file upload39.txt (compact mmCIF, C-alpha atoms)
# COMPACT_ATOMS: atom_id res chain seq x y z
CA MET A 21 -65.66 112.92 10.71
CA ALA A 22 -65.61 112.68 14.52
CA PHE A 23 -67.62 110.18 16.57
CA ARG A 24 -68.44 110.52 20.25
CA SER A 25 -67.15 107.00 20.92
CA GLY A 26 -65.85 103.87 19.26
CA GLY A 27 -69.25 102.27 19.85
CA ALA A 28 -71.03 105.08 18.03
CA ALA A 29 -68.56 104.73 15.15
CA ALA A 30 -69.14 100.97 14.98
CA ALA A 31 -72.92 101.46 14.90
CA TRP A 32 -72.58 104.02 12.12
CA GLU A 33 -70.23 101.72 10.23
CA ARG A 34 -72.80 98.90 10.26
CA ARG A 35 -75.26 101.16 8.46
CA GLN A 36 -72.87 101.96 5.62
CA PRO A 37 -72.98 100.13 2.29
CA ARG A 38 -69.23 99.63 2.32
CA ALA A 39 -67.12 98.82 5.34
CA ALA A 40 -64.25 101.13 6.16
CA GLU A 41 -60.76 99.74 5.99
CA PRO A 42 -59.32 98.48 9.25
CA ASP A 43 -57.55 101.20 11.22
CA ALA A 44 -59.65 103.95 9.61
CA PHE A 45 -60.98 104.98 13.04
CA VAL A 46 -58.40 106.66 15.27
CA PRO A 47 -58.80 107.68 18.93
CA VAL A 48 -58.47 111.42 19.40
CA GLU A 49 -55.73 110.82 21.94
CA VAL A 50 -53.61 109.27 19.19
CA LEU A 51 -54.23 112.24 16.90
CA GLY A 52 -53.25 114.57 19.70
CA ARG A 53 -49.99 112.69 20.07
CA LEU A 54 -49.35 112.88 16.33
CA SER A 55 -50.30 116.53 15.81
CA ALA A 56 -47.45 118.29 17.59
CA PRO A 57 -44.58 116.66 15.68
CA TRP A 58 -46.60 116.49 12.43
CA TYR A 59 -47.29 120.22 12.37
CA ALA A 60 -44.16 121.44 14.15
CA GLY A 61 -42.53 124.56 12.78
CA ARG A 62 -45.36 125.63 10.48
CA PHE A 63 -44.97 129.31 11.43
CA ASP A 64 -41.27 129.40 10.62
CA ASP A 65 -39.88 130.61 7.29
CA GLY A 66 -37.42 127.72 7.39
CA TRP A 67 -40.10 125.05 7.55
CA ARG A 68 -39.96 122.48 4.77
CA PRO A 69 -42.14 119.39 4.24
CA ALA A 70 -40.88 116.28 5.95
CA SER A 71 -39.81 113.38 3.77
CA VAL A 72 -42.11 110.41 3.36
CA ALA A 73 -39.74 108.38 5.51
CA ALA A 74 -39.78 110.98 8.26
CA LYS A 75 -43.58 111.18 8.17
CA GLN A 76 -43.79 107.40 8.35
CA ILE A 77 -41.71 107.46 11.52
CA LEU A 78 -44.09 110.01 13.05
CA LEU A 79 -47.08 107.83 12.22
CA ASP A 80 -45.36 104.77 13.63
CA GLU A 81 -44.39 106.59 16.83
CA ALA A 82 -47.99 107.71 17.30
CA GLY A 83 -49.08 104.10 17.04
CA LEU A 84 -50.53 104.37 13.53
CA ARG A 85 -49.08 101.25 11.97
CA GLY A 86 -50.35 98.72 9.47
CA PRO A 87 -51.22 98.92 5.76
CA PHE A 88 -53.76 101.73 6.15
CA TRP A 89 -51.03 104.02 7.47
CA ARG A 90 -48.28 103.16 5.01
CA LEU A 91 -47.36 106.24 2.97
CA ALA A 92 -45.59 104.38 0.19
CA MET B 14 -46.36 123.30 -14.88
CA SER B 15 -45.28 124.94 -11.61
CA ALA B 16 -41.65 125.28 -10.62
CA THR B 17 -40.12 124.01 -7.42
CA PRO B 18 -40.89 126.54 -4.64
CA SER B 19 -38.30 129.30 -4.53
CA ASP B 20 -36.78 130.81 -1.40
CA PHE B 21 -39.30 133.61 -1.81
CA ALA B 22 -42.15 131.09 -1.92
CA TRP B 23 -41.02 129.44 1.30
CA ARG B 24 -40.69 132.80 3.07
CA MET B 25 -44.11 133.82 1.81
CA ARG B 26 -45.50 130.54 3.17
CA GLY B 27 -44.16 131.39 6.62
CA ARG B 28 -45.71 134.84 6.41
CA LEU B 29 -49.01 133.30 5.31
CA PHE B 30 -49.12 130.96 8.30
CA ARG B 31 -48.26 133.72 10.76
CA ALA B 32 -50.99 135.90 9.24
CA ILE B 33 -53.51 133.11 9.74
CA ARG B 34 -52.38 132.70 13.34
CA GLU B 35 -52.79 136.39 14.01
CA ARG B 36 -55.97 137.09 12.04
CA GLY B 37 -57.80 133.79 12.11
CA ALA B 38 -58.28 134.17 8.38
CA THR B 39 -56.26 133.45 5.27
CA PRO B 40 -54.86 136.49 3.49
CA THR B 41 -55.73 136.88 -0.17
CA PRO B 42 -53.00 136.80 -2.81
CA SER B 43 -53.43 140.56 -3.19
CA GLU B 44 -52.96 141.09 0.53
CA LEU B 45 -49.84 138.95 0.47
CA ALA B 46 -48.48 140.92 -2.46
CA ALA B 47 -49.20 144.24 -0.76
CA GLY B 48 -47.64 143.11 2.50
CA LEU B 49 -44.52 141.86 0.77
CA ARG B 50 -44.44 144.79 -1.68
CA VAL B 51 -44.09 142.53 -4.68
CA PRO B 52 -46.21 142.18 -7.84
CA LEU B 53 -49.28 140.00 -7.54
CA GLU B 54 -47.94 137.78 -10.31
CA ARG B 55 -44.96 136.82 -8.16
CA VAL B 56 -47.24 135.80 -5.31
CA THR B 57 -49.45 133.86 -7.71
CA ARG B 58 -46.50 131.91 -9.07
CA ALA B 59 -45.23 131.21 -5.57
CA LEU B 60 -48.65 129.97 -4.41
CA GLU B 61 -48.92 127.72 -7.45
CA SER B 62 -45.51 126.22 -6.79
CA LEU B 63 -46.41 125.56 -3.17
CA ALA B 64 -49.68 123.95 -4.24
CA ALA B 65 -47.84 121.75 -6.73
CA ALA B 66 -45.55 120.67 -3.89
CA HIS B 67 -48.61 119.74 -1.76
CA VAL B 68 -47.80 122.44 0.76
CA LEU B 69 -51.05 124.36 0.17
CA VAL B 70 -54.34 123.84 -1.64
CA LEU B 71 -55.70 126.64 -3.81
CA ASP B 72 -59.25 127.25 -4.96
CA SER B 73 -60.22 127.83 -8.57
CA ALA B 74 -59.53 131.56 -8.19
CA GLY B 75 -56.02 130.96 -6.86
CA SER B 76 -56.72 131.82 -3.22
CA VAL B 77 -55.54 129.58 -0.39
CA LEU B 78 -58.21 127.01 0.42
CA MET B 79 -56.14 124.83 2.75
CA ALA B 80 -52.98 125.61 4.68
CA HIS B 81 -53.02 122.58 6.92
CA PRO B 82 -54.22 122.48 9.59
CA PHE B 83 -55.98 125.76 8.76
CA ALA B 84 -58.82 126.08 6.27
CA GLY B 85 -59.17 129.16 4.11
CA ALA B 86 -62.92 128.77 3.78
CA ARG B 87 -65.85 127.88 6.01
CA THR B 88 -66.00 124.22 6.93
CA GLY B 89 -67.88 122.13 9.46
CA PHE B 90 -65.14 122.67 12.02
CA ARG B 91 -64.88 126.06 13.72
CA VAL B 92 -62.15 126.07 16.36
CA GLU B 93 -62.67 128.51 19.21
CA THR B 94 -59.57 129.45 21.23
CA PRO B 95 -58.96 132.13 23.87
CA SER B 96 -57.09 134.19 21.28
CA GLY B 97 -59.41 133.78 18.33
CA SER B 98 -61.35 131.48 16.02
CA TYR B 99 -60.11 129.40 13.12
CA TRP B 100 -61.59 127.18 10.44
CA ALA B 101 -60.17 123.65 10.34
CA ASN B 102 -60.22 121.30 7.35
CA CYS B 103 -61.28 118.22 9.29
CA ALA B 104 -61.67 116.75 12.76
CA TRP B 105 -57.95 116.00 13.04
CA ASP B 106 -57.08 119.58 12.12
CA ALA B 107 -59.62 120.84 14.66
CA LEU B 108 -57.51 119.14 17.32
CA ALA B 109 -54.20 120.12 15.73
CA ILE B 110 -54.86 123.87 15.58
CA PRO B 111 -54.96 124.48 19.35
CA LEU B 112 -51.98 122.17 19.81
CA LEU B 113 -50.04 124.05 17.12
CA LEU B 114 -50.96 127.38 18.72
CA GLY B 115 -50.13 126.12 22.21
CA THR B 116 -53.53 127.02 23.53
CA ASP B 117 -56.83 125.51 24.56
CA GLY B 118 -59.50 125.08 21.91
CA VAL B 119 -63.03 123.80 21.48
CA THR B 120 -64.73 122.72 18.26
CA PRO B 121 -68.46 121.97 18.42
CA THR B 122 -69.45 119.02 16.28
CA ARG B 123 -72.10 116.33 16.04
CA CYS B 124 -71.58 112.58 16.12
CA PRO B 125 -72.71 111.02 12.81
CA GLY B 126 -73.45 107.80 14.66
CA THR B 127 -75.77 109.08 17.36
CA GLY B 128 -76.59 112.65 16.36
CA GLU B 129 -75.26 113.77 19.72
CA ALA B 130 -73.64 117.19 19.87
CA PHE B 131 -70.24 117.26 21.55
CA ASP B 132 -67.03 119.26 21.61
CA LEU B 133 -63.69 118.20 20.27
CA ALA B 134 -61.51 119.85 22.87
CA VAL B 135 -57.93 120.59 23.76
CA ARG B 136 -57.38 121.63 27.34
CA ALA B 137 -53.92 122.04 28.82
CA GLY B 138 -52.51 120.00 25.96
CA ARG B 139 -54.87 117.08 26.45
CA VAL B 140 -57.38 116.18 23.75
CA GLY B 141 -60.87 114.88 24.30
CA PRO B 142 -63.41 113.51 24.78
CA ALA B 143 -61.20 110.56 25.62
CA GLU B 144 -63.59 108.05 24.02
CA ALA B 145 -63.99 109.98 20.75
CA VAL B 146 -62.62 108.62 17.47
CA VAL B 147 -62.01 110.19 14.07
CA ARG B 148 -62.66 108.39 10.80
CA PHE B 149 -60.20 108.69 7.93
CA PRO B 150 -62.01 108.00 4.63
CA VAL B 151 -58.97 106.88 2.65
CA PRO B 152 -55.61 105.28 3.48
CA ALA B 153 -52.70 107.58 4.26
CA ARG B 154 -50.97 106.97 0.94
CA ARG B 155 -54.06 108.37 -0.83
CA PHE B 156 -54.58 111.49 1.29
CA TRP B 157 -53.57 113.77 -1.59
CA ASP B 158 -55.45 111.89 -4.33
CA ASP B 159 -58.48 114.04 -3.50
CA ILE B 160 -57.50 116.28 -0.62
CA HIS B 161 -60.92 117.94 -0.61
CA PHE B 162 -62.53 114.59 0.18
CA THR B 163 -59.87 113.51 2.67

call {"tool": "encode", "arguments": {"input": "upload39.txt", "output": "structure tokens"}}
result
Amino acid sequence: MAFRSGGAAAAWERRQPRAAEPDAFVPVEVLGRLSAPWYAGRFDDGWRPASVAAKQILLDEAGLRGPFWRLA
Amino acid sequence: MSATPSDFAWRMRGRLFRAIRERGATPTPSELAAGLRVPLERVTRALESLAAAHVLVLDSAGSVLMAHPFAGARTGFRVETPSGSYWANCAWDALAIPLLLGTDGVTPTRCPGTGEAFDLAVRAGRVGPAEAVVRFPVPARRFWDDIHFT
């Protein structure tokens, strides 16, 4: 679900019966930074899924830290 | 219970992704089998093993529903690029597809907060609109609990 701005997301959030967890809203710029390393090599036969630890590093490097972004 | 993906399964996965890149659509299991000149049953087993490993998501008929970031079925996110159109599973994937393809891309969407129509866009490697945000409905550790919802 994509919102035009953080303000629009906050207004929508106030209308919901349950509040989203902190860090559930991510700027698109952050997702752009995460996407290239997260999806790297998908067209190659030799691609294999990254380990949980390796994925956690990618999230951390993109700035997605905190409990919401812990994989284990 | 599905086995660990075999070497064949991994190679088939690569072929699947390249086919999506080239066609903008997910090949059926029968098309994969014909292209690889192997029995359909072998492709079916390979797809099931990849799904069990959370590499793909299959629908109830055994066809590929999700090959992240690509979607195998119509969704609310249609990514338009100079070289073709693709279905994305979610807003993040709508941004990831052009970045993965190394191209520009635009995905029309509508803000749930304001009702305003806008484009999720990748232009020259930069994503936008700069102020836009994406909501993740569940924490990262639960992404695969219900991948259809995530």

call {"tool": "atom_distance", "arguments": {"input": "upload39.txt", "atom1": "atom CA of A:Ala31", "atom2": "atom CA of B:Thr127"}}
result
8.5 Å

call {"tool": "atom_distance", "arguments": {"input": "upload39.txt", "atom1": "atom CA of B:Ala107", "atom2": "atom CA of A:Arg38"}}
result
26.4 Å

call {"tool": "interface_residues", "arguments": {"input": "upload39.txt", "of": "chain B", "to": "chain A", "cutoff": "6 Å", "atoms": "all atoms listed in the file", "output": "number ranges by chain"}}
result
B: 24, 27, 30-31, 104, 109, 124, 126, 140, 144-149, 152-154

call {"tool": "write_last_selection", "arguments": {"input": "upload39.txt", "atoms": "C-alpha atoms", "output": "short mmCIF file (atom, residue, chain, number, x, y, z; two decimals), keeping the file's coordinate frame"}}
result
data_model
loop_
_atom_site.label_atom_id
_atom_site.label_comp_id
_atom_site.auth_asym_id
_atom_site.auth_seq_id
_atom_site.Cartn_x
_atom_site.Cartn_y
_atom_site.Cartn_z
CA ARG B 24 -40.69 132.80 3.07
CA GLY B 27 -44.16 131.39 6.62
CA PHE B 30 -49.12 130.96 8.30
CA ARG B 31 -48.26 133.72 10.76
CA ALA B 104 -61.67 116.75 12.76
CA ALA B 109 -54.20 120.12 15.73
CA CYS B 124 -71.58 112.58 16.12
CA GLY B 126 -73.45 107.80 14.66
CA VAL B 140 -57.38 116.18 23.75
CA GLU B 144 -63.59 108.05 24.02
CA ALA B 145 -63.99 109.98 20.75
CA VAL B 146 -62.62 108.62 17.47
CA VAL B 147 -62.01 110.19 14.07
CA ARG B 148 -62.66 108.39 10.80
CA PHE B 149 -60.20 108.69 7.93
CA PRO B 152 -55.61 105.28 3.48
CA ALA B 153 -52.70 107.58 4.26
CA ARG B 154 -50.97 106.97 0.94
#

call {"tool": "atom_distance", "arguments": {"input": "upload39.txt", "atom1": "atom CA of B:Arg34", "atom2": "atom CA of B:Leu69"}}
result
15.6 Å

call {"tool": "residues_near_point", "arguments": {"input": "upload39.txt", "point": "(-53.7, 122.5, 3.4)", "cutoff": "8 Å", "atoms": "all atoms listed in the file", "output": "PDB file with C-alpha atoms, in the coordinates of the input"}}
result
ATOM      1  CA  HIS B  67     -48.610 119.740  -1.760  1.00  0.00           C
ATOM      2  CA  VAL B  68     -47.800 122.440   0.760  1.00  0.00           C
ATOM      3  CA  LEU B  69     -51.050 124.360   0.170  1.00  0.00           C
ATOM      4  CA  VAL B  70     -54.340 123.840  -1.640  1.00  0.00           C
ATOM      5  CA  LEU B  78     -58.210 127.010   0.420  1.00  0.00           C
ATOM      6  CA  MET B  79     -56.140 124.830   2.750  1.00  0.00           C
ATOM      7  CA  ALA B  80     -52.980 125.610   4.680  1.00  0.00           C
ATOM      8  CA  HIS B  81     -53.020 122.580   6.920  1.00  0.00           C
ATOM      9  CA  PRO B  82     -54.220 122.480   9.590  1.00  0.00           C
ATOM     10  CA  PHE B  83     -55.980 125.760   8.760  1.00  0.00           C
ATOM     11  CA  ALA B  84     -58.820 126.080   6.270  1.00  0.00           C
ATOM     12  CA  ASN B 102     -60.220 121.300   7.350  1.00  0.00           C
TER      13      ASN B 102
END

call {"tool": "residues_near_point", "arguments": {"input": "upload39.txt", "point": "(-58.1, 131.2, 19.1)", "cutoff": "12 Å", "atoms": "all atoms listed in the file", "output": "VMD selection string"}}
result
chain B and resid 33 to 38 83 91 to 101 107 110 to 120 135

call {"tool": "write_last_selection", "arguments": {"input": "upload39.txt", "atoms": "C-alpha atoms", "output": "compact mmCIF listing (two decimals), in the coordinates of the input"}}
result
# COMPACT_ATOMS: atom_id res chain seq x y z
CA ILE B 33 -53.51 133.11 9.74
CA ARG B 34 -52.38 132.70 13.34
CA GLU B 35 -52.79 136.39 14.01
CA ARG B 36 -55.97 137.09 12.04
CA GLY B 37 -57.80 133.79 12.11
CA ALA B 38 -58.28 134.17 8.38
CA PHE B 83 -55.98 125.76 8.76
CA ARG B 91 -64.88 126.06 13.72
CA VAL B 92 -62.15 126.07 16.36
CA GLU B 93 -62.67 128.51 19.21
CA THR B 94 -59.57 129.45 21.23
CA PRO B 95 -58.96 132.13 23.87
CA SER B 96 -57.09 134.19 21.28
CA GLY B 97 -59.41 133.78 18.33
CA SER B 98 -61.35 131.48 16.02
CA TYR B 99 -60.11 129.40 13.12
CA TRP B 100 -61.59 127.18 10.44
CA ALA B 101 -60.17 123.65 10.34
CA ALA B 107 -59.62 120.84 14.66
CA ILE B 110 -54.86 123.87 15.58
CA PRO B 111 -54.96 124.48 19.35
CA LEU B 112 -51.98 122.17 19.81
CA LEU B 113 -50.04 124.05 17.12
CA LEU B 114 -50.96 127.38 18.72
CA GLY B 115 -50.13 126.12 22.21
CA THR B 116 -53.53 127.02 23.53
CA ASP B 117 -56.83 125.51 24.56
CA GLY B 118 -59.50 125.08 21.91
CA VAL B 119 -63.03 123.80 21.48
CA THR B 120 -64.73 122.72 18.26
CA VAL B 135 -57.93 120.59 23.76
